[in-house]
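J.: Sharing final.cif, mmCIF, C-alpha atoms and all ligand atoms:
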data_target
#
loop_
_atom_site.label_atom_id
_atom_site.label_comp_id
_atom_site.auth_asym_id
_atom_site.auth_seq_id
_atom_site.Cartn_x
_atom_site.Cartn_y
_atom_site.Cartn_z
CA MET A 1 0.00 0.00 0.00
CA THR A 2 0.94 3.61 -0.36
CA GLU A 3 3.01 5.06 2.42
CA PRO A 4 1.39 7.77 4.55
CA SER A 5 2.72 11.16 3.55
CA ALA A 6 3.74 12.49 6.97
CA ALA A 7 7.15 11.94 8.52
CA PRO A 8 7.49 8.43 10.04
CA GLU A 9 7.52 9.60 13.66
CA ALA A 10 4.35 11.59 13.05
CA ARG A 11 2.51 8.77 11.32
CA TYR A 12 -0.08 7.78 13.83
CA VAL A 13 -0.52 10.99 15.74
CA GLN A 14 -4.16 11.91 15.75
CA THR A 15 -5.62 14.40 13.33
CA PRO A 16 -6.88 17.54 15.10
CA ALA A 17 -10.56 18.47 15.17
CA GLN A 18 -12.08 21.62 13.71
CA THR A 19 -15.50 23.17 14.20
CA VAL A 20 -18.44 21.84 12.21
CA GLY A 21 -19.00 25.50 11.26
CA PRO A 22 -22.34 27.10 10.43
CA PHE A 23 -22.89 25.61 6.97
CA TYR A 24 -23.41 21.88 7.52
CA GLY A 25 -27.19 22.05 7.08
CA PHE A 26 -27.14 20.86 3.47
CA ALA A 27 -24.74 18.03 4.24
CA LEU A 28 -25.06 16.33 7.62
CA PRO A 29 -28.79 16.12 8.44
CA TYR A 30 -30.65 13.41 6.54
CA ASP A 31 -34.21 12.13 6.30
CA GLY A 32 -35.10 10.02 9.30
CA GLY A 33 -31.84 10.88 11.07
CA ALA A 34 -33.63 11.76 14.30
CA GLU A 35 -36.01 8.78 14.26
CA LEU A 36 -34.20 5.74 15.63
CA VAL A 37 -37.63 4.12 15.77
CA PRO A 38 -40.84 5.28 14.10
CA GLY A 39 -43.11 7.44 16.26
CA HIS A 40 -45.76 4.70 16.33
CA HIS A 41 -43.37 2.15 17.86
CA PRO A 42 -45.16 0.88 20.99
CA ARG A 43 -42.31 1.89 23.31
CA ALA A 44 -41.08 4.97 21.44
CA ILE A 45 -39.84 7.78 23.65
CA ARG A 46 -39.26 11.41 22.82
CA LEU A 47 -35.79 12.59 23.84
CA HIS A 48 -35.57 16.31 23.32
CA GLY A 49 -34.11 19.51 24.68
CA THR A 50 -32.52 22.84 23.92
CA VAL A 51 -28.85 23.71 23.53
CA PHE A 52 -27.90 26.91 25.37
CA ASP A 53 -24.79 29.10 25.31
CA GLY A 54 -23.13 30.83 28.25
CA ALA A 55 -25.50 33.80 28.04
CA GLY A 56 -28.47 31.46 28.37
CA ASP A 57 -29.42 31.99 24.73
CA PRO A 58 -30.40 29.04 22.56
CA VAL A 59 -27.73 27.93 20.09
CA PRO A 60 -29.42 27.86 16.68
CA ASP A 61 -26.64 26.07 14.82
CA ALA A 62 -25.78 22.98 16.82
CA ILE A 63 -26.08 19.41 15.62
CA LEU A 64 -26.31 16.41 17.93
CA GLU A 65 -25.65 12.74 17.55
CA ILE A 66 -26.77 9.95 19.84
CA TRP A 67 -25.57 6.36 20.09
CA GLN A 68 -27.15 3.84 22.39
CA ALA A 69 -28.04 0.25 23.19
CA ASP A 70 -31.46 -1.18 22.41
CA GLU A 71 -34.20 -1.84 24.96
CA THR A 72 -32.54 -5.06 26.09
CA GLY A 73 -29.12 -3.47 26.55
CA ALA A 74 -27.67 -5.05 23.41
CA LEU A 75 -25.32 -2.98 21.25
CA PRO A 76 -26.69 -2.71 17.74
CA ASP A 77 -24.54 -3.83 14.85
CA GLU A 78 -27.17 -3.26 12.19
CA ARG A 79 -26.39 -1.14 9.21
CA GLY A 80 -28.90 1.30 7.82
CA SER A 81 -28.51 4.38 10.03
CA LEU A 82 -28.52 6.60 6.93
CA ALA A 83 -31.07 4.62 4.94
CA ARG A 84 -33.49 3.45 7.58
CA ASP A 85 -35.87 0.63 6.71
CA GLY A 86 -38.26 1.44 9.57
CA PHE A 87 -37.76 -1.95 11.25
CA GLY A 88 -34.23 -2.53 12.49
CA PHE A 89 -32.64 -0.61 15.33
CA THR A 90 -29.20 0.82 14.55
CA GLY A 91 -28.74 2.81 17.77
CA PHE A 92 -27.49 5.92 15.95
CA GLY A 93 -29.30 9.21 15.44
CA ARG A 94 -28.45 12.67 14.23
CA ALA A 95 -30.52 15.83 14.70
CA ALA A 96 -29.79 19.46 13.90
CA VAL A 97 -31.40 21.96 16.26
CA ASP A 98 -34.04 24.36 14.98
CA LEU A 99 -33.71 28.15 15.12
CA GLY A 100 -34.77 27.99 18.77
CA GLY A 101 -31.88 25.65 19.59
CA HIS A 102 -34.28 22.72 20.07
CA TYR A 103 -33.71 19.13 19.02
CA THR A 104 -35.91 16.03 19.15
CA PHE A 105 -35.07 12.34 18.80
CA THR A 106 -37.57 9.49 18.67
CA THR A 107 -35.98 6.42 20.17
CA VAL A 108 -36.42 3.74 22.84
CA GLU A 109 -35.14 3.81 26.41
CA PRO A 110 -31.92 1.78 26.39
CA GLY A 111 -31.58 -1.26 28.61
CA PRO A 112 -28.63 -1.84 30.94
CA VAL A 113 -25.43 -2.84 29.13
CA ALA A 114 -23.54 -5.46 31.16
CA GLY A 115 -25.66 -4.56 34.16
CA GLY A 116 -24.60 -0.90 34.21
CA ALA A 117 -26.76 2.21 34.36
CA PRO A 118 -28.42 2.75 30.97
CA TYR A 119 -27.63 5.95 29.12
CA VAL A 120 -27.66 7.53 25.70
CA LEU A 121 -24.24 8.80 24.58
CA VAL A 122 -24.55 12.32 23.15
CA ALA A 123 -22.06 14.16 20.92
CA VAL A 124 -22.50 17.91 20.46
CA PHE A 125 -21.19 19.85 17.46
CA ALA A 126 -21.77 23.56 16.79
CA ARG A 127 -20.44 26.65 15.14
CA GLY A 128 -18.16 28.20 17.76
CA LEU A 129 -17.49 24.82 19.36
CA ILE A 130 -14.06 24.08 17.92
CA HIS A 131 -13.89 20.49 19.15
CA HIS A 132 -17.04 18.46 19.77
CA LEU A 133 -18.21 17.51 23.27
CA PHE A 134 -19.47 14.22 24.70
CA THR A 135 -22.03 13.83 27.42
CA ARG A 136 -24.42 11.10 28.59
CA ALA A 137 -28.16 11.23 29.10
CA TYR A 138 -29.12 8.90 31.95
CA PHE A 139 -32.72 7.99 32.83
CA PRO A 140 -34.33 8.82 36.17
CA GLY A 141 -36.16 5.48 36.50
CA ASN A 142 -32.95 3.54 37.20
CA ALA A 143 -32.20 4.99 40.65
CA GLU A 144 -30.30 1.98 41.93
CA ARG A 145 -28.08 1.55 38.88
CA ASN A 146 -27.54 5.30 38.61
CA ALA A 147 -26.42 5.42 42.25
CA ALA A 148 -23.71 2.88 41.42
CA ASP A 149 -22.57 4.47 38.15
CA ALA A 150 -18.91 5.49 37.99
CA VAL A 151 -19.51 8.75 36.14
CA LEU A 152 -22.56 9.88 38.09
CA THR A 153 -20.84 9.22 41.38
CA ALA A 154 -17.63 10.95 40.28
CA VAL A 155 -19.48 14.17 39.52
CA PRO A 156 -20.22 16.68 42.31
CA ALA A 157 -23.83 16.27 43.48
CA ALA A 158 -24.70 19.80 42.39
CA ARG A 159 -23.85 19.05 38.77
CA ARG A 160 -25.09 15.47 38.61
CA GLN A 161 -28.60 16.39 37.50
CA THR A 162 -27.21 17.82 34.24
CA LEU A 163 -26.62 14.19 33.17
CA VAL A 164 -30.13 12.92 33.92
CA CYS A 165 -33.15 13.43 31.65
CA VAL A 166 -36.21 15.07 33.13
CA PRO A 167 -39.37 12.94 32.75
CA GLU A 168 -42.32 14.83 31.31
CA GLY A 169 -45.02 12.18 31.32
CA THR A 170 -46.53 11.06 28.05
CA GLY A 171 -47.37 13.16 25.02
CA PRO A 172 -50.44 13.06 22.77
CA THR A 173 -49.19 9.95 20.97
CA GLY A 174 -48.72 8.09 24.24
CA ALA A 175 -44.92 8.22 23.97
CA ALA A 176 -43.02 9.00 27.17
CA SER A 177 -41.17 12.31 26.89
CA TYR A 178 -37.78 13.09 28.41
CA ARG A 179 -36.08 16.48 28.35
CA PHE A 180 -32.31 16.73 28.16
CA ASP A 181 -31.19 20.34 27.86
CA ILE A 182 -27.54 21.04 27.12
CA HIS A 183 -25.77 24.08 28.56
CA LEU A 184 -22.43 24.58 26.85
CA GLN A 185 -21.46 27.07 29.54
CA GLY A 186 -22.93 28.96 32.48
CA GLU A 187 -24.58 28.28 35.79
CA ASN A 188 -26.11 24.95 34.76
CA GLU A 189 -23.20 23.92 32.56
CA THR A 190 -23.66 20.33 31.44
CA VAL A 191 -21.07 17.83 32.58
CA PHE A 192 -18.98 16.91 29.52
CA LEU A 193 -16.80 13.83 29.40
CA ASP A 194 -13.29 13.09 28.24
CA PHE A 195 -12.69 9.40 27.69
CA ASP A 196 -9.51 7.57 28.47
CA ALA A 197 -9.21 5.88 25.15
CA MET B 1 -16.44 48.75 16.57
CA THR B 2 -15.39 45.87 14.44
CA THR B 3 -12.17 44.21 15.43
CA SER B 4 -9.33 44.48 12.94
CA GLN B 5 -7.27 41.62 11.58
CA HIS B 6 -4.30 43.24 13.28
CA GLU B 7 -5.93 42.89 16.71
CA ILE B 8 -7.03 39.30 16.04
CA SER B 9 -3.55 38.39 14.82
CA ALA B 10 -1.98 39.87 17.96
CA GLU B 11 -4.33 37.80 20.14
CA MET B 12 -3.47 34.65 18.19
CA GLN B 13 0.26 35.28 18.48
CA ALA B 14 0.00 35.80 22.24
CA ILE B 15 -1.84 32.49 22.66
CA GLU B 16 0.68 30.64 20.51
CA ALA B 17 3.56 32.12 22.51
CA ASP B 18 1.82 30.91 25.66
CA ALA B 19 1.42 27.42 24.19
CA ARG B 20 5.06 27.37 23.12
CA ALA B 21 6.12 28.30 26.65
CA LEU B 22 4.08 25.39 28.04
CA VAL B 23 5.88 23.01 25.70
CA ALA B 24 9.24 24.51 26.66
CA GLU B 25 8.35 23.72 30.29
CA GLY B 26 8.00 20.08 29.32
CA ASN B 27 4.28 19.79 28.60
CA ALA B 28 3.18 17.76 25.59
CA PRO B 29 2.12 19.85 22.60
CA GLU B 30 -1.65 20.20 22.37
CA LEU B 31 -2.96 17.76 19.78
CA HIS B 32 -6.38 19.34 19.37
CA PRO B 33 -7.59 22.92 19.10
CA ARG B 34 -8.52 24.76 22.26
CA ARG B 35 -12.24 24.93 22.79
CA ASP B 36 -11.69 28.26 24.52
CA TYR B 37 -10.03 30.33 21.81
CA PRO B 38 -11.21 33.96 22.08
CA PRO B 39 -9.86 35.09 18.65
CA TYR B 40 -12.62 32.85 17.26
CA ARG B 41 -15.35 35.03 18.72
CA SER B 42 -18.13 32.44 18.56
CA SER B 43 -16.18 30.18 20.92
CA ILE B 44 -16.36 32.65 23.80
CA LEU B 45 -19.87 31.71 24.98
CA ARG B 46 -19.78 28.17 23.63
CA HIS B 47 -16.96 26.42 25.46
CA PRO B 48 -17.35 24.67 28.80
CA THR B 49 -15.62 26.40 31.69
CA HIS B 50 -15.43 23.30 33.90
CA GLU B 51 -12.73 20.72 33.31
CA LEU B 52 -14.09 17.80 31.33
CA VAL B 53 -14.79 14.81 33.56
CA ARG B 54 -12.43 11.92 32.82
CA ALA B 55 -14.35 8.71 32.26
CA ASP B 56 -13.54 5.13 31.37
CA PRO B 57 -15.22 4.33 28.06
CA GLU B 58 -17.89 1.68 28.50
CA GLU B 59 -19.10 -0.69 25.83
CA ILE B 60 -21.16 1.97 24.11
CA GLU B 61 -18.19 4.30 23.79
CA ARG B 62 -15.93 1.46 22.64
CA HIS B 63 -18.21 0.60 19.73
CA SER B 64 -19.50 2.56 16.81
CA PRO B 65 -22.54 2.39 14.57
CA ALA B 66 -22.17 0.18 11.52
CA PHE B 67 -22.48 1.76 8.11
CA GLY B 68 -22.42 -0.06 4.85
CA HIS B 69 -23.12 0.01 1.17
CA SER B 70 -26.84 -0.05 1.88
CA ASP B 71 -26.30 3.41 3.40
CA VAL B 72 -24.08 5.01 0.76
CA SER B 73 -24.08 4.66 -3.01
CA PRO B 74 -20.64 4.48 -4.69
CA LEU B 75 -21.71 7.45 -6.82
CA GLU B 76 -21.79 9.67 -3.74
CA SER B 77 -17.99 9.94 -3.67
CA ASP B 78 -18.03 11.94 -6.90
CA LEU B 79 -19.21 15.49 -6.21
CA THR B 80 -18.88 16.45 -9.88
CA ILE B 81 -21.61 14.18 -11.28
CA GLN B 82 -24.59 15.19 -9.18
CA HIS B 83 -26.06 17.52 -11.80
CA ASN B 84 -26.43 17.68 -15.56
CA GLY B 85 -23.26 19.64 -16.29
CA GLU B 86 -19.69 19.87 -15.07
CA PRO B 87 -19.14 22.13 -12.07
CA LEU B 88 -16.86 25.15 -12.48
CA GLY B 89 -13.44 25.03 -10.88
CA GLU B 90 -10.25 23.08 -10.61
CA ARG B 91 -11.20 19.39 -10.70
CA MET B 92 -9.33 17.28 -8.18
CA THR B 93 -9.34 14.02 -6.31
CA VAL B 94 -8.72 13.80 -2.58
CA SER B 95 -7.59 10.36 -1.50
CA GLY B 96 -6.10 8.89 1.62
CA ARG B 97 -6.46 6.37 4.39
CA VAL B 98 -8.28 6.49 7.71
CA LEU B 99 -6.16 4.87 10.43
CA ASP B 100 -6.37 4.41 14.16
CA GLY B 101 -3.67 5.34 16.64
CA GLU B 102 -1.88 2.04 16.12
CA GLY B 103 -1.81 2.56 12.37
CA ARG B 104 -4.54 -0.01 11.72
CA PRO B 105 -6.95 0.80 8.91
CA VAL B 106 -10.41 1.97 9.92
CA ARG B 107 -12.42 -0.29 7.61
CA HIS B 108 -15.91 0.12 6.27
CA GLN B 109 -16.71 3.29 8.14
CA LEU B 110 -18.49 6.41 7.02
CA VAL B 111 -16.67 9.50 5.74
CA GLU B 112 -18.77 12.55 4.89
CA VAL B 113 -17.51 15.73 3.22
CA TRP B 114 -19.03 19.10 2.45
CA GLN B 115 -17.55 22.22 0.92
CA ALA B 116 -18.06 25.55 -0.80
CA ASN B 117 -17.97 25.81 -4.59
CA ALA B 118 -15.06 27.22 -6.59
CA GLY B 119 -16.23 30.76 -5.86
CA GLY B 120 -16.33 30.18 -2.10
CA ARG B 121 -20.11 29.91 -1.85
CA TYR B 122 -22.03 27.26 0.07
CA VAL B 123 -25.40 25.86 -0.93
CA HIS B 124 -26.80 27.05 2.37
CA LYS B 125 -29.64 29.49 3.04
CA ARG B 126 -27.63 31.58 5.45
CA ASP B 127 -24.48 31.90 3.34
CA GLN B 128 -24.52 35.61 2.44
CA HIS B 129 -21.33 35.68 0.40
CA PRO B 130 -22.26 37.36 -2.91
CA ALA B 131 -20.36 34.81 -5.01
CA PRO B 132 -22.38 32.88 -7.57
CA LEU B 133 -23.99 29.55 -6.83
CA ASP B 134 -23.00 26.87 -9.32
CA PRO B 135 -26.05 25.00 -10.64
CA ASN B 136 -23.81 22.00 -11.25
CA PHE B 137 -22.33 21.78 -7.77
CA THR B 138 -23.89 20.98 -4.40
CA GLY B 139 -20.74 20.15 -2.46
CA VAL B 140 -21.76 17.07 -0.47
CA GLY B 141 -20.12 13.64 -0.67
CA ARG B 142 -20.06 10.37 1.26
CA VAL B 143 -17.99 7.23 1.09
CA ILE B 144 -17.50 4.01 3.05
CA THR B 145 -13.80 3.29 3.65
CA GLY B 146 -12.32 0.21 1.99
CA ASP B 147 -10.47 -2.80 3.39
CA ASN B 148 -7.30 -0.74 3.89
CA GLY B 149 -9.14 2.25 5.31
CA GLU B 150 -8.86 4.01 1.98
CA TYR B 151 -11.23 6.65 0.64
CA SER B 152 -11.30 8.85 -2.45
CA PHE B 153 -13.45 11.79 -3.50
CA THR B 154 -13.64 13.49 -6.87
CA THR B 155 -14.58 17.15 -6.51
CA ILE B 156 -13.46 20.68 -7.38
CA LYS B 157 -11.20 22.87 -5.29
CA PRO B 158 -13.30 25.05 -2.98
CA GLY B 159 -12.69 28.80 -2.89
CA PRO B 160 -11.82 30.82 0.20
CA TYR B 161 -14.75 32.79 1.62
CA PRO B 162 -15.35 35.78 3.88
CA TRP B 163 -16.96 35.51 7.31
CA ARG B 164 -17.82 37.94 10.05
CA ASN B 165 -15.49 37.05 12.88
CA HIS B 166 -13.68 40.37 12.41
CA LEU B 167 -13.20 42.95 9.68
CA ASN B 168 -11.82 41.38 6.49
CA ALA B 169 -11.91 37.84 7.87
CA TRP B 170 -11.46 35.11 5.23
CA ARG B 171 -11.41 31.36 5.67
CA PRO B 172 -8.58 29.49 3.91
CA ALA B 173 -9.97 27.06 1.32
CA HIS B 174 -11.07 23.88 3.08
CA ILE B 175 -13.17 20.74 2.83
CA HIS B 176 -15.16 19.73 5.91
CA PHE B 177 -14.68 16.07 6.87
CA SER B 178 -16.78 13.97 9.24
CA LEU B 179 -15.44 10.56 10.28
CA PHE B 180 -16.49 7.57 12.35
CA GLY B 181 -14.01 5.16 13.84
CA THR B 182 -14.42 1.72 15.34
CA ALA B 183 -15.21 3.33 18.71
CA PHE B 184 -17.52 6.29 19.15
CA THR B 185 -14.77 8.05 21.12
CA GLN B 186 -12.91 8.30 17.79
CA ARG B 187 -15.66 10.41 16.23
CA LEU B 188 -14.03 13.33 14.42
CA ILE B 189 -15.21 16.38 12.55
CA THR B 190 -12.43 18.42 11.02
CA GLN B 191 -11.34 20.34 7.93
CA MET B 192 -8.74 19.59 5.25
CA TYR B 193 -6.74 22.53 3.92
CA PHE B 194 -4.51 23.04 0.87
CA PRO B 195 -0.74 23.58 0.80
CA GLY B 196 0.62 27.10 0.88
CA ASP B 197 -2.59 28.98 1.63
CA PRO B 198 -1.71 32.62 2.43
CA LEU B 199 -4.70 32.82 4.81
CA PHE B 200 -3.41 30.24 7.32
CA ALA B 201 -1.70 32.74 9.61
CA LEU B 202 -4.77 34.97 9.65
CA ASP B 203 -7.47 32.40 10.40
CA PRO B 204 -8.60 31.90 14.01
CA ILE B 205 -10.22 28.52 13.31
CA TYR B 206 -7.03 27.05 11.88
CA GLN B 207 -4.87 28.78 14.50
CA SER B 208 -7.03 27.46 17.36
CA ILE B 209 -4.67 24.47 17.05
CA THR B 210 -1.72 26.02 18.84
CA ASP B 211 0.94 23.49 17.84
CA PRO B 212 2.41 24.06 14.35
CA ALA B 213 3.03 20.34 13.80
CA ALA B 214 -0.59 19.56 14.69
CA ARG B 215 -1.85 22.26 12.32
CA ALA B 216 0.23 20.81 9.52
CA ARG B 217 -1.66 17.52 9.91
CA LEU B 218 -4.72 19.19 8.42
CA ILE B 219 -3.02 20.06 5.12
CA GLY B 220 -3.50 17.74 2.17
CA VAL B 221 -0.35 16.98 0.21
CA TYR B 222 -0.26 17.56 -3.54
CA ASP B 223 0.63 14.19 -5.05
CA HIS B 224 1.46 14.21 -8.73
CA ASP B 225 1.05 10.45 -8.93
CA LEU B 226 -2.58 10.91 -7.94
CA SER B 227 -3.17 13.47 -10.67
CA VAL B 228 -4.99 12.06 -13.67
CA PRO B 229 -3.61 13.32 -17.02
CA GLU B 230 -5.92 15.81 -18.67
CA PHE B 231 -8.52 15.31 -15.96
CA SER B 232 -7.72 16.17 -12.33
CA LEU B 233 -5.11 17.14 -9.73
CA GLY B 234 -4.50 14.76 -6.85
CA TYR B 235 -4.20 15.47 -3.14
CA ARG B 236 -3.40 12.89 -0.50
CA TRP B 237 -4.66 13.26 3.04
CA ASP B 238 -4.42 10.53 5.67
CA ILE B 239 -6.48 10.84 8.83
CA VAL B 240 -5.67 9.31 12.21
CA LEU B 241 -8.52 8.72 14.64
CA THR B 242 -7.97 8.10 18.31
CA GLY B 243 -9.94 9.00 21.38
CA PRO B 244 -10.06 12.44 22.94
CA LYS B 245 -7.29 11.31 25.30
CA SER B 246 -4.37 9.32 24.08
CA THR B 247 -1.62 9.11 26.62
CA TRP B 248 0.39 6.81 24.36
CA MET B 249 1.59 9.74 22.32
CA GLU B 250 2.83 12.03 25.05
CA SER B 251 6.41 11.28 24.08
CA GLU B 252 5.68 12.05 20.44
CA GLU B 253 6.75 15.04 18.38
CA ALA B 254 10.32 15.10 19.53
CA HIS B 255 11.04 15.72 15.86
CA ASP B 256 9.76 19.26 15.95
FE FE C 301 -16.50 26.02 5.77
#
Could you spell out this file's structure in structure tokens?

T.:
Amino acid sequence: MTEPSAAPEARYVQTPAQTVGPFYGFALPYDGGAELVPGHHPRAIRLHGTVFDGAGDPVPDAILEIWQADETGALPDERGSLARDGFGFTGFGRAAVDLGGHYTFTTVEPGPVAGGAPYVLVAVFARGLIHHLFTRAYFPGNAERNAADAVLTAVPAARRQTLVCVPEGTGPTGAASYRFDIHLQGENETVFLDFDA
Amino acid sequence: MTTSQHEISAEMQAIEADARALVAEGNAPELHPRRDYPPYRSSILRHPTHELVRADPEEIERHSPAFGHSDVSPLESDLTIQHNGEPLGERMTVSGRVLDGEGRPVRHQLVEVWQANAGGRYVHKRDQHPAPLDPNFTGVGRVITGDNGEYSFTTIKPGPYPWRNHLNAWRPAHIHFSLFGTAFTQRLITQMYFPGDPLFALDPIYQSITDPAARARLIGVYDHDLSVPEFSLGYRWDIVLTGPKSTWMESEEAHD
């Protein structure tokens, strides 16, 4: 195979990130990207929220991705995240926020993976955010598992609630609704994670 | 009062001097841009002020969604055939390999690109740059990497474009890249630049990477062997994905 172009000692040093910028709207969002399951799925949930900046203003040009286990806690290995067939569960979703900074995913509540506290992994990209951010959306119904979770317990109690969705009952379609607002900065700044890879 | 390029450049130079001093004290060069980089004005209210919380990746973070040829048509890697006519501009191919931190190919994963046209204009409602749209160019491509992590796009060279960070702010020509690895922690969105761009030193997004060697990793290399006679110019750009933290490389970059 062709040799990489960089100097040998620099070969496998990671490529730096750059901001997604403001002009991804014609490229990254795709039809069905935010619907991991169809809205009529019997156990569909609405996972939604608003992305805020440090002044408390909504961020109108953020784009979010989620990645999660299925209801049983199994990691999906199905293809078809871009071209959904409406049946399989790929575990991946992508949603751009609207002009009010609001995003909505339709998905299922993940089950516990290897007995741990279930969560949805969230990646946040935005103009002005030079390198993306990771966070996790945990669910309030898993009190016991959440209490034993390594990340939730490592975080100061005052900030822990930024990682847990707020239950909002069920909407008109009967789907349970959970709110997960994201504060990039400020008083309620979301806890963002850096993984030891 | 709009900030001048001179003021922005002075801010950028001060930050780079600070980063250089940290390296001189024995710290590892910063591999990624700073999220808090005030010369890029939009970052001021959009970066977290708390330290990120270090976490062990669990199974979810150690895996990645599967993409495949049911998701992406092979035609999507050619950005010049999406309309009836040929797009305006310098036709080129951008090819390379996606690797992980151990140099292993990242196989069968999704690479997405988007870019401005040859005049520096995006097909985007809010792009106000008064350069012409090209009816034969949208500027979006996708590909699934091959068995050796290889990818290739056929496109045209994007133009530089103005933005409103400060007075007379221009982005160096670039192609936006979005990549998935074998673990979600490897997720990367970045930009590929072109050799010798006179706007590099003036651009706060590029300069938010404070280490010159790290910045250079974003520049595609002109490769004459990749040029196709009487058809296109070739650029090679390899991409290395590893997690946000990668302690294994702290001894790297002694060459610089
Ligand atoms: Fe751009």

J.: For a cut-off of 10 Å around (-17.1, 1.4, 14.4), file coordinates, pick out all residues using all atoms listed in the file and list them as a PyMOL selection string.

T.: (chain A and resi 77) or (chain B and resi 61-67+106-110+180-187)

J.: Record the distance separating atom CA of Val140 of chain B and atom CA of Val113 of chain B, expressed in Å with one decimal.

T.: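 Separation of atom CA of Val140 of chain B and atom CA of Val113 of chain B: 5.8 Å.
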
J.: Which residues are near Lys157 of chain B? Cut-off 12 Å, all atoms listed in the file, ignore same chain within fewer than 3 positions. Put them as a PDB file with C-alpha atoms, in the coordinates of the input.

T.:
ATOM      1  CA  LEU B  79     -19.210  15.490  -6.210  1.00  0.00           C
ATOM      2  CA  THR B  80     -18.880  16.450  -9.880  1.00  0.00           C
ATOM      3  CA  PRO B  87     -19.140  22.130 -12.070  1.00  0.00           C
ATOM      4  CA  LEU B  88     -16.860  25.150 -12.480  1.00  0.00           C
ATOM      5  CA  GLY B  89     -13.440  25.030 -10.880  1.00  0.00           C
ATOM      6  CA  GLU B  90     -10.250  23.080 -10.610  1.00  0.00           C
ATOM      7  CA  ARG B  91     -11.200  19.390 -10.700  1.00  0.00           C
ATOM      8  CA  MET B  92      -9.330  17.280  -8.180  1.00  0.00           C
ATOM      9  CA  THR B  93      -9.340  14.020  -6.310  1.00  0.00           C
ATOM     10  CA  VAL B  94      -8.720  13.800  -2.580  1.00  0.00           C
ATOM     11  CA  TRP B 114     -19.030  19.100   2.450  1.00  0.00           C
ATOM     12  CA  GLN B 115     -17.550  22.220   0.920  1.00  0.00           C
ATOM     13  CA  ALA B 116     -18.060  25.550  -0.800  1.00  0.00           C
ATOM     14  CA  ASN B 117     -17.970  25.810  -4.590  1.00  0.00           C
ATOM     15  CA  ALA B 118     -15.060  27.220  -6.590  1.00  0.00           C
ATOM     16  CA  GLY B 119     -16.230  30.760  -5.860  1.00  0.00           C
ATOM     17  CA  GLY B 120     -16.330  30.180  -2.100  1.00  0.00           C
ATOM     18  CA  ARG B 121     -20.110  29.910  -1.850  1.00  0.00           C
ATOM     19  CA  PHE B 137     -22.330  21.780  -7.770  1.00  0.00           C
ATOM     20  CA  GLY B 139     -20.740  20.150  -2.460  1.00  0.00           C
ATOM     21  CA  PHE B 153     -13.450  11.790  -3.500  1.00  0.00           C
ATOM     22  CA  THR B 154     -13.640  13.490  -6.870  1.00  0.00           C
ATOM     23  CA  PRO B 160     -11.820  30.820   0.200  1.00  0.00           C
ATOM     24  CA  PRO B 172      -8.580  29.490   3.910  1.00  0.00           C
ATOM     25  CA  ALA B 173      -9.970  27.060   1.320  1.00  0.00           C
ATOM     26  CA  HIS B 174     -11.070  23.880   3.080  1.00  0.00           C
ATOM     27  CA  ILE B 175     -13.170  20.740   2.830  1.00  0.00           C
ATOM     28  CA  MET B 192      -8.740  19.590   5.250  1.00  0.00           C
ATOM     29  CA  TYR B 193      -6.740  22.530   3.920  1.00  0.00           C
ATOM     30  CA  PHE B 194      -4.510  23.040   0.870  1.00  0.00           C
ATOM     31  CA  GLY B 220      -3.500  17.740   2.170  1.00  0.00           C
ATOM     32  CA  SER B 232      -7.720  16.170 -12.330  1.00  0.00           C
ATOM     33  CA  LEU B 233      -5.110  17.140  -9.730  1.00  0.00           C
ATOM     34  CA  GLY B 234      -4.500  14.760  -6.850  1.00  0.00           C
ATOM     35  CA  TYR B 235      -4.200  15.470  -3.140  1.00  0.00           C
TER      36      TYR B 235
END

J.: Hey, list the chain B side of the contact with chain A: 7 Å cut-off, only C-alpha atoms, answer as a VMD selection string.

T.: chain B and resid 31 to 33 35 42 to 43 45 to 49 52 to 57 60 65 to 68 70 to 71 101 to 103 114 123 to 124 140 188 to 191 214 217 to 218 238 to 246 253

J.: Given the choices B:Arg164, B:Arg142, B:His69, B:Arg215, which gets closest to Gln5 of chain B if the distance is worked out from only C-alpha atoms?

T.: B:Arg164

J.: Tell me, in Å to one decimal, how far atom CA of Asn84 of chain B is from atom CA of Phe231 of chain B.

T.: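 Between atom CA of Asn84 of chain B and atom CA of Phe231 of chain B the gap works out to 18.1 Å.
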
J.: If you measure from atom CA of Gly111 of chain A to atom CA of Ser178 of chain B, what distance in Å do you get, rounded to one decimal?

T.: 28.7 Å

J.: List the residues sitting within 8 Å of (-36.7, 7.2, 13.5) in the file's frame, using all atoms listed in the file, as a VMD selection string.

T.: chain A and resid 32 to 39 84 86 93 105 to 107

J.: Give the padded box for segment 110-119 of chain A as JSON: axis-aligned, covering all atoms listed in the file, 3 Å on each side, centre and edge lengths in Å to one decimal.

T.:
{"center_x": -27.7, "center_y": 0.2, "center_z": 30.4, "size_x": 14.4, "size_y": 17.4, "size_z": 14.0}

J.: Determine the nearest neighbour of ligand FE 301 (chain C) from the options B:Glu58, B:Glu230, B:Asp203, B:Asp211, counting only C-alpha atoms and all ligand atoms.

T.: B:Asp203

J.: Could you tell me which of B:Ala14, B:Phe200, B:Glu86, B:Asp36 comes closest to Pro212 of chain B if we count only C-alpha atoms?

T.: B:Phe200

J.: For Ala143 of chain A, which of A:Val97, A:Ile182, A:Tyr30, A:Val164 is the closest residue, counting all atoms listed in the file?

T.: A:Val164

J.: Find the spatial neighbours of Gly169 of chain A, counting all atoms listed in the file, within a cut-off of 12 Å - ignore same-chain residues fewer than 2 positions away - and output them as a PyMOL selection string.

T.: chain A and resi 45-47+165-167+171-179
